[in-house]
Amino acid sequence: MRYAIIGDIHSNLEAFEMVLRDADVKGGFDKIWCLGDVVGYGPDPNECIERLCQFEHVCVAGNHDWAAIGKMDTADFNPVAAQACQWTAQQLTAENIEYLQNLPLSICQEDFTLIHGSPREPIWEYLLSLEGAQDNFSHFETTYCLVGHSHVPLIFELVDSKVVYEMFPEGAELRLGERRMIINPGGVGQPRDGDPRASYALYDTEARTVYHHRVEYDIQATQKKMTELGLPAPLILRLSVGW
């Protein structure tokens, strides 16, 4: 089996389509594991949900997914994120609202736990530090955990009760063993590691390897849509720099 591991699509259909195309070129996949935030920020919330639903997949809830359907207050969002969330809420069809309402906070697939934020706080916690990761290993039981939310490709590994971490570089092959790991494949629709290309991973169960991939997409097409729809300028500009 081969799984496409994606997160933080954020209503960016152009980025999502190129990830799907790139994954197909790289051998294809049998199923998608989606780490939440299908919507928010970008111009195509309904189209991204509907495209995802064309594939066999599982998906967990992200904070933007919840905020778009009123399950989370946007008071803790920054102003431009809150504005985009309110716009998204006005666009969603009844069918897609129901889809988002039914997303679970976590899912176990094989030896992986899938969560948006962190095992300790599935919706809101960003895992970017050794200290945060150290505390979170006791909050899931599987060997591996897949997270999104930070939009940064990272690997946290538990070695002799202490956590080490590294960036998950493009083209890297991560061989899975007995050591426990928390893995972030990066963001599809709004990368935040200084690389504007869409980020995702492919997991091959037979080889026991996870590969990290980056793919260029038509950023200007997404930005043009966002401009025409009146979405906040900072969200438009950040796509060009991946931050």
# chains A, B, ... in the order shown; residues from 1 in each chain; ligands from 1
$ closest_atom_pairs --of "region 153-222 of chain A" --to "region 27-37 of chain A" --cutoff "10 Å" --atoms "only C-alpha atoms" --output "CSV"
residue,atom,partner,partner_atom,distance
A:Asn184,CA,A:Leu35,CA,9.3
A:Pro185,CA,A:Leu35,CA,9.3
A:Gly187,CA,A:Leu35,CA,9.7
A:Gly189,CA,A:Asp37,CA,9.6
A:Ala201,CA,A:Trp33,CA,9.9
A:Leu202,CA,A:Phe29,CA,7.8
A:Tyr203,CA,A:Phe29,CA,8.7
A:Asp204,CA,A:Phe29,CA,8.8
$ write_last_selection --atoms "C-alpha atoms" --output "PDB file, in the first residue's frame"
ATOM      1  CA  ASN A 184       5.127  16.607   9.882  1.00  0.00           C
ATOM      2  CA  PRO A 185       4.967  16.492   6.051  1.00  0.00           C
ATOM      3  CA  GLY A 187       1.846  22.308   4.257  1.00  0.00           C
ATOM      4  CA  GLY A 189      -1.494  25.160   0.498  1.00  0.00           C
ATOM      5  CA  ALA A 201       4.864  12.941   1.830  1.00  0.00           C
ATOM      6  CA  LEU A 202       4.368   9.441   0.445  1.00  0.00           C
ATOM      7  CA  TYR A 203       4.415   6.366   2.676  1.00  0.00           C
ATOM      8  CA  ASP A 204       5.230   2.957   1.219  1.00  0.00           C
TER       9      ASP A 204
END
$ select_by_dssp --residues "region 31-188 of chain A" --states "strand (DSSP E or B)" --output "PyMOL selection string"
chain A and resi 31-34+57-59+106-109+112-115+144-146+154-159+162-167+173-175+181-184
$ write_last_selection --atoms "C-alpha atoms" --output "PDB file, in the first residue's frame"
ATOM      1  CA  LYS A  31      -5.328   6.265  -0.117  1.00  0.00           C
ATOM      2  CA  ILE A  32      -4.902   9.776   1.292  1.00  0.00           C
ATOM      3  CA  TRP A  33      -4.176  10.471   4.936  1.00  0.00           C
ATOM      4  CA  CYS A  34      -5.167  14.113   5.482  1.00  0.00           C
ATOM      5  CA  HIS A  57      -9.191   8.933   2.361  1.00  0.00           C
ATOM      6  CA  VAL A  58      -9.305   9.632   6.056  1.00  0.00           C
ATOM      7  CA  CYS A  59      -9.106  13.151   7.454  1.00  0.00           C
ATOM      8  CA  SER A 106      -7.646  11.879  15.727  1.00  0.00           C
ATOM      9  CA  ILE A 107      -7.512   8.663  13.738  1.00  0.00           C
ATOM     10  CA  CYS A 108      -5.313   5.586  14.087  1.00  0.00           C
ATOM     11  CA  GLN A 109      -4.196   3.977  10.844  1.00  0.00           C
ATOM     12  CA  PHE A 112       0.216   5.778  12.952  1.00  0.00           C
ATOM     13  CA  THR A 113      -1.836   8.297  14.885  1.00  0.00           C
ATOM     14  CA  LEU A 114      -3.106  11.135  12.680  1.00  0.00           C
ATOM     15  CA  ILE A 115      -3.715  14.496  14.366  1.00  0.00           C
ATOM     16  CA  TYR A 144       4.388   7.010  14.901  1.00  0.00           C
ATOM     17  CA  CYS A 145       2.326  10.173  14.901  1.00  0.00           C
ATOM     18  CA  LEU A 146       1.599  12.402  11.920  1.00  0.00           C
ATOM     19  CA  LEU A 154       9.862  18.185  10.669  1.00  0.00           C
ATOM     20  CA  ILE A 155      10.815  14.871  12.244  1.00  0.00           C
ATOM     21  CA  PHE A 156      10.916  14.387  16.023  1.00  0.00           C
ATOM     22  CA  GLU A 157      12.438  11.089  17.126  1.00  0.00           C
ATOM     23  CA  LEU A 158      12.522   9.575  20.611  1.00  0.00           C
ATOM     24  CA  VAL A 159      16.024   8.262  21.278  1.00  0.00           C
ATOM     25  CA  LYS A 162      15.118  12.035  24.780  1.00  0.00           C
ATOM     26  CA  VAL A 163      13.816  13.756  21.680  1.00  0.00           C
ATOM     27  CA  VAL A 164      15.990  14.770  18.740  1.00  0.00           C
ATOM     28  CA  TYR A 165      14.665  16.581  15.727  1.00  0.00           C
ATOM     29  CA  GLU A 166      15.577  17.567  12.217  1.00  0.00           C
ATOM     30  CA  MET A 167      13.991  19.255   9.264  1.00  0.00           C
ATOM     31  CA  GLU A 173      13.841   8.960   2.558  1.00  0.00           C
ATOM     32  CA  LEU A 174      12.819   8.262   6.135  1.00  0.00           C
ATOM     33  CA  ARG A 175      13.164   4.596   7.020  1.00  0.00           C
ATOM     34  CA  MET A 181       8.521   9.450  15.809  1.00  0.00           C
ATOM     35  CA  ILE A 182       6.360  12.489  15.258  1.00  0.00           C
ATOM     36  CA  ILE A 183       6.404  13.463  11.580  1.00  0.00           C
ATOM     37  CA  ASN A 184       5.127  16.607   9.882  1.00  0.00           C
TER      38      ASN A 184
END
$ residues_around --residues "Tyr99 (chain A)" --least-positions-apart "4" --cutoff "10 Å" --atoms "only C-alpha atoms" --output "MDAnalysis selection string"
chainID A and resid 49:50 53 65 93:95 103
$ select_by_dssp --residues "region 190-230 of chain A" --states "helix (DSSP H, G or I)" --output "list of chain:residue names"
A:Ile219, A:Gln220, A:Ala221, A:Thr222, A:Gln223, A:Lys224, A:Lys225, A:Met226, A:Thr227, A:Glu228, A:Leu229
$ write_last_selection --atoms "C-alpha atoms" --output "PDB file, in the first residue's frame"
ATOM      1  CA  ILE A 219       1.044  30.564  -7.131  1.00  0.00           C
ATOM      2  CA  GLN A 220      -0.048  33.536  -9.210  1.00  0.00           C
ATOM      3  CA  ALA A 221      -3.283  31.770 -10.189  1.00  0.00           C
ATOM      4  CA  THR A 222      -4.163  31.275  -6.522  1.00  0.00           C
ATOM      5  CA  GLN A 223      -3.187  34.855  -5.712  1.00  0.00           C
ATOM      6  CA  LYS A 224      -5.315  36.192  -8.563  1.00  0.00           C
ATOM      7  CA  LYS A 225      -8.364  34.344  -7.252  1.00  0.00           C
ATOM      8  CA  MET A 226      -7.742  35.622  -3.736  1.00  0.00           C
ATOM      9  CA  THR A 227      -7.391  39.198  -4.950  1.00  0.00           C
ATOM     10  CA  GLU A 228     -10.615  39.018  -6.953  1.00  0.00           C
ATOM     11  CA  LEU A 229     -12.459  37.620  -3.927  1.00  0.00           C
TER      12      LEU A 229
END
$ residues_around --residues "Lys71 (chain A)" --least-positions-apart "3" --cutoff "12 Å" --atoms "only C-alpha atoms" --output "number ranges by chain"
A: 61-68, 74, 85, 89, 97, 100-103, 123
$ atom_distance --atom1 "CA of Lys26 (chain A)" --atom2 "CA of Thr209 (chain A)"
13.9 Å
$ residues_around --residues "Leu13 (chain A)" --least-positions-apart "4" --cutoff "12 Å" --atoms "only C-alpha atoms" --output "ChimeraX atom specification"
/A:8-9,17-20,38-52,188-190,198,217-219,221-223,225-226
$ atom_distance --atom1 "CA of Glu98 (chain A)" --atom2 "CA of Gly70 (chain A)"
11.9 Å
